[in-house]
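This report refers to the structure that appears directly beneath it.
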Amino acid sequence: MRLLPTLILVLGGYSAGPRDAVAQQPEGAKPPREVLAGDAVVRAPFGPSEIVITATARLAGAIHSLTWNGREFIDSTDHGRQLQSASSFDNAPTAGPETFNPTEAGSRLDGAGPRSTSRLLELSTLNNVLRTRTQMAFWLAPGERSSSQLARNVSALSGHILRKEVRIGAFGLPNVLDYAVTFEVPRDEPHTMAQFEALTGYMPAEFSVFHRFVRDTGVLEPLSDGPGEQADPVVFSTADGRYAMGILAVGPPPDQAQGPGYGRFRFTSERVVKWNCVFRIRDGVSPGNYRFHICVPLGTLDDVTGALRSLSARP
């Protein structure tokens, strides 16, 4: 993922900016995308429409499109702006996250092209459930630089495996994506620190209003542009409140994992906004599986707020 080094020093975390080679987006809302041959699609009804998720082989199984009630929620452009997951390891001021950064959808050099350096190993759909298994590419190729820092990886394809299961509908709420993602850290890679971007969503600029959800009161409060992380779940909405999306981690994180931190970022010139949900391990990273469970409510702003209240009330 593309990261801003000025924020690495302050936050020690993902700032995950827009990709380098992206086209300027036209004014107005993006329409739902055409479904192409080979795309994997799952759908389920909610309110006046269906929620429709599209994953593509071009993006090694990452989610390219999420639509509801005639509106596209994802700003999928190159191989970085999707609904997807990524990780980075052993980050430091002199070794930024992008310099060792397995990324689900592919690499920076993949650009807006038709193929991904990541490898899609398995993909299946059943009714309202999408499952994938992906061998993640490093965001930088060997010899590439991110803000003058040289890539630490020595191959284009990592040994890190990402598995996900995405179900439309969670805990009796039809407008919530039940998103379970597992990062497999290879046995032949010793690391002292891990940073898991369990999930990030790049959204069109029309989702211009940022909110934080205060669990103690069950209400939304205004949230500044930041950029950066904070402890409260975030919600992005259109100005009229007709469309919104939120993010909430549920269940306990893996042992030693700290978080979640919820990030928000606005990239005005590129006409894209981004949220993420990040966890960290700081005291030694054992090889093996690290699973995170996330809920993504969408719909109107009232729909999202109501879903977050219900999810937060669960024991």
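Ligands are numbered from 1 in the order shown, chains are lettered A, B, ... in the order of the structure tokens, and residues start at 1 in each chain.
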Inset, instruction - Enumerate, as a ChimeraX atom specification, the complete set of residues in stretch 42-157 of chain A that a backbone-based DSSP assignment places in strand (DSSP E or B). - result: /A:42-46,49-55,63-68,71-72,83-89,92,95,102-103,119-126,129-138,145-146,149-150,157
Inset, instruction - Considering only C-alpha atoms, return as a ChimeraX atom specification whatever protein or nucleic-acid residues lie within 10 Å of A:Ile74, sequence-local ones (same chain, fewer than 4 positions apart) excluded. - result: /A:30,32,63-67,81-83,201-204,272-274
Legend entry - Residue neighbourhood stretch 207-222 of chain A, 12 Å, only C-alpha atoms, exclusion window fewer than 6 positions, as a VMD selection string: chain A and resid 28 to 30 71 to 75 201 229 to 248 262 to 268 271 to 275 298 300 to 302 304 to 314
Take the selection from the previous step and output its residues with C-alpha atoms, as a PDB file, in the first residue's frame.
```pdb
ATOM      1  CA  GLY A  28     -20.531  13.090  -9.430  1.00  0.00           C
ATOM      2  CA  ALA A  29     -21.255   9.627  -8.124  1.00  0.00           C
ATOM      3  CA  LYS A  30     -19.784   6.561  -9.741  1.00  0.00           C
ATOM      4  CA  ARG A  71     -24.345   3.511  -5.710  1.00  0.00           C
ATOM      5  CA  GLU A  72     -20.764   2.248  -5.987  1.00  0.00           C
ATOM      6  CA  PHE A  73     -18.985   2.242  -2.608  1.00  0.00           C
ATOM      7  CA  ILE A  74     -15.435   1.324  -3.740  1.00  0.00           C
ATOM      8  CA  ASP A  75     -13.006   3.460  -5.758  1.00  0.00           C
ATOM      9  CA  GLY A 201     -11.731   0.555   1.977  1.00  0.00           C
ATOM     10  CA  GLU A 229      -5.825   6.521  13.513  1.00  0.00           C
ATOM     11  CA  GLN A 230      -8.010   6.768  16.574  1.00  0.00           C
ATOM     12  CA  ALA A 231      -9.759   4.263  18.819  1.00  0.00           C
ATOM     13  CA  ASP A 232     -13.394   4.727  17.753  1.00  0.00           C
ATOM     14  CA  PRO A 233     -14.998   2.959  14.791  1.00  0.00           C
ATOM     15  CA  VAL A 234     -15.371   5.258  11.792  1.00  0.00           C
ATOM     16  CA  VAL A 235     -18.225   5.905   9.382  1.00  0.00           C
ATOM     17  CA  PHE A 236     -18.010   7.673   6.007  1.00  0.00           C
ATOM     18  CA  SER A 237     -21.177   9.089   4.447  1.00  0.00           C
ATOM     19  CA  THR A 238     -22.399  11.245   1.610  1.00  0.00           C
ATOM     20  CA  ALA A 239     -23.419  14.759   2.618  1.00  0.00           C
ATOM     21  CA  ASP A 240     -27.126  13.931   2.410  1.00  0.00           C
ATOM     22  CA  GLY A 241     -26.775  10.768   4.520  1.00  0.00           C
ATOM     23  CA  ARG A 242     -28.333   8.565   1.827  1.00  0.00           C
ATOM     24  CA  TYR A 243     -25.233   6.371   1.586  1.00  0.00           C
ATOM     25  CA  ALA A 244     -22.748   5.384   4.274  1.00  0.00           C
ATOM     26  CA  MET A 245     -20.278   2.700   5.295  1.00  0.00           C
ATOM     27  CA  GLY A 246     -18.705   1.891   8.657  1.00  0.00           C
ATOM     28  CA  ILE A 247     -16.105  -0.451  10.108  1.00  0.00           C
ATOM     29  CA  LEU A 248     -16.046  -2.305  13.435  1.00  0.00           C
ATOM     30  CA  TYR A 262      -9.325   2.993  12.942  1.00  0.00           C
ATOM     31  CA  GLY A 263      -7.808   5.299  10.341  1.00  0.00           C
ATOM     32  CA  ARG A 264      -9.282   7.897   8.039  1.00  0.00           C
ATOM     33  CA  PHE A 265      -7.657   9.742   5.159  1.00  0.00           C
ATOM     34  CA  ARG A 266      -8.811  12.211   2.510  1.00  0.00           C
ATOM     35  CA  PHE A 267      -6.858  12.667  -0.734  1.00  0.00           C
ATOM     36  CA  THR A 268      -8.410  15.709  -2.327  1.00  0.00           C
ATOM     37  CA  ARG A 271     -10.711  12.399  -5.341  1.00  0.00           C
ATOM     38  CA  VAL A 272     -10.637   9.404  -3.013  1.00  0.00           C
ATOM     39  CA  VAL A 273     -11.133   8.784   0.714  1.00  0.00           C
ATOM     40  CA  LYS A 274      -9.933   5.835   2.743  1.00  0.00           C
ATOM     41  CA  TRP A 275     -10.658   4.096   6.055  1.00  0.00           C
ATOM     42  CA  LEU A 298     -23.591  -0.081   4.888  1.00  0.00           C
ATOM     43  CA  THR A 300     -28.055   4.964   4.754  1.00  0.00           C
ATOM     44  CA  LEU A 301     -26.367   6.806   7.597  1.00  0.00           C
ATOM     45  CA  ASP A 302     -29.252   5.800   9.879  1.00  0.00           C
ATOM     46  CA  VAL A 304     -25.202   2.152   9.569  1.00  0.00           C
ATOM     47  CA  THR A 305     -25.677   3.853  12.940  1.00  0.00           C
ATOM     48  CA  GLY A 306     -28.380   1.366  13.928  1.00  0.00           C
ATOM     49  CA  ALA A 307     -26.213  -1.576  12.907  1.00  0.00           C
ATOM     50  CA  LEU A 308     -23.251  -0.292  14.914  1.00  0.00           C
ATOM     51  CA  ARG A 309     -25.477   0.090  17.975  1.00  0.00           C
ATOM     52  CA  SER A 310     -26.694  -3.488  17.613  1.00  0.00           C
ATOM     53  CA  LEU A 311     -23.188  -4.849  17.079  1.00  0.00           C
ATOM     54  CA  SER A 312     -21.792  -2.910  20.032  1.00  0.00           C
ATOM     55  CA  ALA A 313     -24.553  -4.240  22.303  1.00  0.00           C
ATOM     56  CA  ARG A 314     -23.496  -7.839  21.678  1.00  0.00           C
TER      57      ARG A 314
END
```
Inset, instruction - Compare A:Gln84, A:Thr94, A:Ser286, A:Asn69 by their minimum atom-to-atom distance to A:Ser147, counting only C-alpha atoms, and give me the closest one. - result: A:Thr94
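Among the candidates A:Ala105, A:Met136, A:Ala198, A:Val52, the residue lying nearest to A:Phe279 is A:Ala198 (atoms considered: only C-alpha atoms).
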Inset, instruction - For A:Thr103, list every protein, DNA or RNA residue within 12 Å, evaluated using only C-alpha atoms, and leave out those in the same chain fewer than 5 positions away; present the list as a ChimeraX atom specification. - result: /A:1-2,16,59-62,79-88,97-98,108,110,116-119,134-141,156-162,183,196-200
Inset, instruction - Compare A:Ala44, A:Val285, A:Ala92, A:Ile294 by their minimum atom-to-atom distance to A:Thr192, counting only C-alpha atoms, and give me the closest one. - result: A:Val285
Inset, instruction - Could you give me, as a PyMOL selection string, the residues within 7 Å of A:Val129, counting only C-alpha atoms and dropping anything in the same chain fewer than 5 positions from it? - result: chain A and resi 42+165-168
For the residues in the current selection, export C-alpha atoms as a PDB file, in the first residue's frame.
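File selection_24.pdb, as written:
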```pdb
ATOM      1  CA  VAL A  42     -22.315 -12.578  -4.409  1.00  0.00           C
ATOM      2  CA  GLU A 165     -14.544 -15.258   3.978  1.00  0.00           C
ATOM      3  CA  VAL A 166     -17.031 -12.495   3.318  1.00  0.00           C
ATOM      4  CA  ARG A 167     -20.701 -13.048   4.061  1.00  0.00           C
ATOM      5  CA  ILE A 168     -23.476 -10.536   3.351  1.00  0.00           C
TER       6      ILE A 168
END
```
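Computed from the coordinates, the atom CA of A:Pro253 to atom CA of A:Asn289 distance equals 11.7 Å.
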Legend entry - Residues within 8 Å of stretch 193-195 of chain A, only C-alpha atoms, excluding chain neighbours under 6 positions, as number ranges by chain: A: 13, 87-91, 278-285
